[in-house]
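Participant: Please find one structure pasted underneath; my questions will follow.
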Amino acid sequence: MLDGPLIPRNRAIHPDPYDPGYKTTVARSPNLPLLSMDSTPAEETGPRFGHSTIGALDNNLILNWTRGAAPAVGERILMYGRVLDEHGRAVPNTLVEIWQANAGGRYRHKKDGYLAPLDPNFGGCGRTLTDEQGRYQFLTIRPGAYPWPNRGNDWRPMHIHISVFGHSFGQRLITQMYFEGDPLIPICPIAATIKDRAQLDRLVAPLDMAASKPLDYLAYKFDIVLRGRRQSMFENKPEGM
């Protein structure tokens, strides 16, 4: 994730932009061939945001909304992993941000009208920097599944949104993490836009009992790989930077 020209995406592995099963793609998918444009210094250099303003509780979503006064409600989990390049080398000092629904499946957003209640002690977002070995972690609540107005009865699997921000304005990647064993993954129309199941599986975090803490939380490991054959799938730039 060094300064330099941005690497164009490989559209052969990108989720289909037009998929009638995901009904909003019918109206918003492009009708004409896409054009690739070279990056400019504005995207290849600064500014970058948030790397120097990390607070002590920013990666603890159980406590960061109330600044430790009261914990969030729900099943406590540890989400952890490493940010790696295509050769397995650590990518240090990378800003990793997450946002998610609460334990009932509701986001803290004015347009979320789901019937599940808001948790007054859960904000639903956090951030951290990778260390010299590319490691990151978040202590949070397992998000709930929720219905969405697509077809008659579609539900989003439990998931956490992830943003990875590098050394320049154009070096931002966005993806999602799903949970091992969730029966909603195979029937989710959004997940189904990734036609290769092996690539979808890269977004599924396995349960790691060895990293779990007895009588406290379960752990899920999710490594984020930039480019290469084992790269993570990204919503905005599937080939990484």
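Chain labels A, B, ... are given in the sequence in which chains occur in the structure tokens; within each chain residues are numbered consecutively from 1, and ligands are likewise numbered from 1 in the order shown.
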Assign secondary structure with DSSP using the backbone only, and return the residues of stretch 169-205 of chain A in helix (DSSP H, G or I) as an NGL selection string.

Facilitator: :A and (185-187 or 191-193 or 197-201)

Participant: Skipping near chain neighbours, those fewer than 6 positions away, what residues fall within 9 Å of stretch 207-221 of chain A using only C-alpha atoms, listed as a short mmCIF file (atom, residue, chain, number, x, y, z; two decimals) with N, CA, C and O atoms, in the first residue's frame?

Facilitator:
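That gives us around23.cif:
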```
data_model
loop_
_atom_site.label_atom_id
_atom_site.label_comp_id
_atom_site.auth_asym_id
_atom_site.auth_seq_id
_atom_site.Cartn_x
_atom_site.Cartn_y
_atom_site.Cartn_z
N GLU A 75 -23.98 -11.00 22.60
CA GLU A 75 -22.92 -12.01 22.68
C GLU A 75 -21.57 -11.36 22.37
O GLU A 75 -21.35 -10.84 21.28
N ARG A 76 -20.67 -11.39 23.30
CA ARG A 76 -19.36 -10.77 23.15
C ARG A 76 -18.47 -11.62 22.26
O ARG A 76 -18.40 -12.84 22.42
N ILE A 77 -17.80 -10.99 21.32
CA ILE A 77 -16.88 -11.71 20.44
C ILE A 77 -15.60 -10.89 20.26
O ILE A 77 -15.59 -9.67 20.41
N LEU A 78 -14.54 -11.60 19.94
CA LEU A 78 -13.28 -10.99 19.53
C LEU A 78 -13.10 -11.22 18.04
O LEU A 78 -13.11 -12.36 17.58
N MET A 79 -12.99 -10.17 17.28
CA MET A 79 -12.69 -10.23 15.84
C MET A 79 -11.24 -9.83 15.67
O MET A 79 -10.84 -8.73 16.09
N TYR A 80 -10.43 -10.69 15.09
CA TYR A 80 -9.01 -10.38 14.98
C TYR A 80 -8.42 -10.99 13.72
O TYR A 80 -9.03 -11.84 13.06
N GLY A 81 -7.23 -10.53 13.37
CA GLY A 81 -6.54 -11.08 12.20
C GLY A 81 -5.36 -10.21 11.84
O GLY A 81 -4.86 -9.42 12.65
N ARG A 82 -4.92 -10.36 10.59
CA ARG A 82 -3.78 -9.60 10.09
C ARG A 82 -4.12 -9.02 8.73
O ARG A 82 -4.92 -9.60 7.98
N LEU A 139 -12.92 -5.92 19.99
CA LEU A 139 -13.84 -6.56 20.90
C LEU A 139 -15.21 -5.95 20.64
O LEU A 139 -15.38 -4.73 20.71
N PHE A 179 -19.90 -14.94 9.33
CA PHE A 179 -19.55 -15.85 10.42
C PHE A 179 -19.74 -17.31 9.99
O PHE A 179 -20.76 -17.66 9.39
N GLU A 180 -18.76 -18.12 10.33
CA GLU A 180 -18.81 -19.54 10.02
C GLU A 180 -20.11 -20.18 10.54
O GLU A 180 -20.52 -19.94 11.67
#
```

Participant: To test your reading of the structure, identify every residue in stretch 3-163 of chain A that backbone DSSP assigns to strand (DSSP E or B), and report it as a PyMOL selection string.

Facilitator: chain A and resi 60+76-85+90+95-99+125-129+135-141+146-148+154-156+159-163

Participant: With a distance cut-off of 6 Å and only C-alpha atoms, select the neighbouring residues of A:Pro143, excluding the residue or stretch itself and same-chain residues fewer than 4 positions from it, and output the selection as a PyMOL selection string.

Facilitator: chain A and resi 101-103+105+158

Participant: Would you list the contacts of A:Gly123 as a list of chain:residue names, taking every protein, DNA or RNA residue within 10 Å and counting only C-alpha atoms, but skipping same-chain residues closer than 5 positions in sequence?

Facilitator: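 Listing them by chain and then by number gives A:Leu61, A:Ile62, A:Leu63, A:Asn64, A:Trp65, A:Thr66, A:Ala72, A:Trp99, A:Gln100, A:Ala101, A:Asn102, A:Tyr107, A:Arg108, A:His109, A:Leu118.
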
Participant: Please identify all polymer residues within 9 Å of A:Gly88, counting only C-alpha atoms, omitting same-chain residues fewer than 4 positions from it, and present them as a list in words.

Facilitator: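 Returned residues: Val83, Leu84 and Val225 of chain A.
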
Participant: Would you write out those residues with all heavy atoms, as a CSV table (one decimal), in the first residue's frame?

Facilitator:
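The resulting file, result.csv, is shown below:
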```csv
chain,number,residue,atom,x,y,z
A,83,VAL,N,-3.5,-7.9,8.4
A,83,VAL,CA,-3.6,-7.4,7.1
A,83,VAL,C,-2.2,-7.7,6.4
A,83,VAL,O,-1.2,-7.4,6.9
A,83,VAL,CB,-3.7,-5.8,7.1
A,83,VAL,CG1,-3.7,-5.3,5.6
A,83,VAL,CG2,-5.0,-5.5,7.8
A,84,LEU,N,-2.3,-8.5,5.3
A,84,LEU,CA,-1.2,-9.1,4.6
A,84,LEU,C,-1.2,-8.7,3.1
A,84,LEU,O,-2.2,-8.4,2.5
A,84,LEU,CB,-1.2,-10.6,4.7
A,84,LEU,CG,-1.3,-11.2,6.2
A,84,LEU,CD1,-1.6,-12.6,6.1
A,84,LEU,CD2,0.0,-10.9,6.9
A,225,VAL,N,-6.3,-10.0,3.0
A,225,VAL,CA,-5.2,-10.2,2.1
A,225,VAL,C,-5.3,-9.2,0.9
A,225,VAL,O,-6.4,-9.2,0.2
A,225,VAL,CB,-5.1,-11.6,1.6
A,225,VAL,CG1,-3.9,-11.8,0.7
A,225,VAL,CG2,-5.1,-12.6,2.8
```

Participant: Name the residues in contact with A:Gly170 at a cut-off of 8 Å, using only C-alpha atoms, excluding same-chain residues fewer than 4 positions from it; report them as a ChimeraX atom specification.

Facilitator: /A:6,42-45

Participant: Have a look at atom CA of A:Arg156 and atom CA of A:Ser29 and let me know their distance in Å, one decimal.

Facilitator: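 Answer for the atom CA of A:Arg156 to atom CA of A:Ser29 separation: 20.6 Å.
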
Participant: Hey, what's within 10 Å of A:Pro149 if we count only C-alpha atoms and toss same-chain stuff fewer than 3 positions away? As a PyMOL selection string, please?

Facilitator: chain A and resi 23-24+152-155

Participant: Once you have the residues from the selection above, write them out as an mmCIF file, in the first residue's frame, restricted to all heavy atoms.

Facilitator:
```
data_model
loop_
_atom_site.group_PDB
_atom_site.id
_atom_site.type_symbol
_atom_site.label_atom_id
_atom_site.label_comp_id
_atom_site.auth_asym_id
_atom_site.auth_seq_id
_atom_site.Cartn_x
_atom_site.Cartn_y
_atom_site.Cartn_z
ATOM 1 N N LYS A 23 -32.508 -6.914 -6.230
ATOM 2 C CA LYS A 23 -33.358 -6.140 -7.131
ATOM 3 C C LYS A 23 -32.871 -4.710 -7.374
ATOM 4 O O LYS A 23 -33.127 -4.152 -8.442
ATOM 5 C CB LYS A 23 -34.798 -6.123 -6.628
ATOM 6 C CG LYS A 23 -35.062 -5.305 -5.394
ATOM 7 C CD LYS A 23 -36.554 -5.318 -5.050
ATOM 8 C CE LYS A 23 -36.875 -4.402 -3.888
ATOM 9 N NZ LYS A 23 -38.320 -4.427 -3.556
ATOM 10 N N THR A 24 -32.180 -4.081 -6.435
ATOM 11 C CA THR A 24 -31.749 -2.706 -6.673
ATOM 12 C C THR A 24 -30.645 -2.622 -7.726
ATOM 13 O O THR A 24 -30.393 -1.544 -8.272
ATOM 14 C CB THR A 24 -31.277 -2.033 -5.373
ATOM 15 O OG1 THR A 24 -30.230 -2.804 -4.790
ATOM 16 C CG2 THR A 24 -32.426 -1.898 -4.393
ATOM 17 N N GLY A 152 -39.747 -11.256 -1.051
ATOM 18 C CA GLY A 152 -40.765 -11.393 -0.021
ATOM 19 C C GLY A 152 -40.221 -11.534 1.389
ATOM 20 O O GLY A 152 -40.774 -10.960 2.329
ATOM 21 N N ASN A 153 -39.121 -12.294 1.561
ATOM 22 C CA ASN A 153 -38.633 -12.565 2.912
ATOM 23 C C ASN A 153 -37.123 -12.797 2.879
ATOM 24 O O ASN A 153 -36.645 -13.892 3.161
ATOM 25 C CB ASN A 153 -39.349 -13.782 3.501
ATOM 26 C CG ASN A 153 -39.043 -13.983 4.976
ATOM 27 O OD1 ASN A 153 -38.696 -13.040 5.680
ATOM 28 N ND2 ASN A 153 -39.180 -15.223 5.441
ATOM 29 N N ASP A 154 -36.376 -11.766 2.529
ATOM 30 C CA ASP A 154 -34.914 -11.866 2.491
ATOM 31 C C ASP A 154 -34.306 -11.300 3.768
ATOM 32 O O ASP A 154 -34.764 -10.277 4.291
ATOM 33 C CB ASP A 154 -34.348 -11.099 1.287
ATOM 34 C CG ASP A 154 -34.474 -11.892 0.003
ATOM 35 O OD1 ASP A 154 -34.419 -13.143 0.069
ATOM 36 O OD2 ASP A 154 -34.635 -11.277 -1.063
ATOM 37 N N TRP A 155 -33.281 -11.970 4.255
ATOM 38 C CA TRP A 155 -32.566 -11.558 5.461
ATOM 39 C C TRP A 155 -31.073 -11.492 5.172
ATOM 40 O O TRP A 155 -30.537 -12.328 4.446
ATOM 41 C CB TRP A 155 -32.803 -12.569 6.597
ATOM 42 C CG TRP A 155 -34.187 -12.520 7.155
ATOM 43 C CD1 TRP A 155 -35.340 -12.909 6.535
ATOM 44 C CD2 TRP A 155 -34.555 -12.059 8.451
ATOM 45 N NE1 TRP A 155 -36.417 -12.712 7.355
ATOM 46 C CE2 TRP A 155 -35.962 -12.196 8.556
ATOM 47 C CE3 TRP A 155 -33.845 -11.547 9.537
ATOM 48 C CZ2 TRP A 155 -36.663 -11.838 9.701
ATOM 49 C CZ3 TRP A 155 -34.535 -11.194 10.689
ATOM 50 C CH2 TRP A 155 -35.927 -11.336 10.761
#
```

Participant: Have a look at A:Gln137, A:Asn60, A:Asn150, A:Ser163 and name the one nearest to A:Gly21; count only C-alpha atoms.

Facilitator: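 Checking each of A:Gln137, A:Asn60, A:Asn150, A:Ser163 against A:Gly21, counting only C-alpha atoms, the winner is A:Asn150.
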
Participant: With only C-alpha atoms as the basis for distance, which of A:His159, A:Val91, A:Asp131, A:Phe138 is at the shortest distance from A:Leu226?

Facilitator: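 Under the stated criterion, the closest residue is A:Val91.
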
Participant: Atom CA of A:Val164 to atom CA of A:Thr40: how many Å, to one decimal?

Facilitator: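 It comes out at 20.3 Å.
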
Participant: As an exercise, work out the distance from atom CA of A:Asn93 to atom CA of A:Gln171 in Å and give it to one decimal place.

Facilitator: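 For atom CA of A:Asn93 relative to atom CA of A:Gln171, the distance reads 13.2 Å.
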
Participant: Measuring between only C-alpha atoms, which one of A:Ala27, A:Leu173, A:Pro147, A:Asn59 shows the shortest distance to A:Pro189?

Facilitator: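 Among A:Ala27, A:Leu173, A:Pro147, A:Asn59, it is A:Pro147 that comes nearest to A:Pro189.
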
Participant: Rank nothing, just name the residue among A:Val204, A:Met177, A:Ile190, A:Val73 nearest to A:Arg151, using only C-alpha atoms.

Facilitator: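 Answer, going by the shortest atom-to-atom distance: A:Ile190.
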
Participant: Go through A:Pro17, A:Pro71, A:Pro30, A:Pro157 one by one, measure the shortest atom-to-atom distance of each to A:Ile141 using only C-alpha atoms, and give the residue with the smallest value.

Facilitator: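 So, comparing all the options, the nearest one is A:Pro71.
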
Participant: Restricting the calculation to only C-alpha atoms: of A:Ala70, A:Arg172, A:Ala56, A:Arg227, which residue gets closest to A:His87?

Facilitator: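 Among the listed residues, A:Arg227 lies closest to A:His87.
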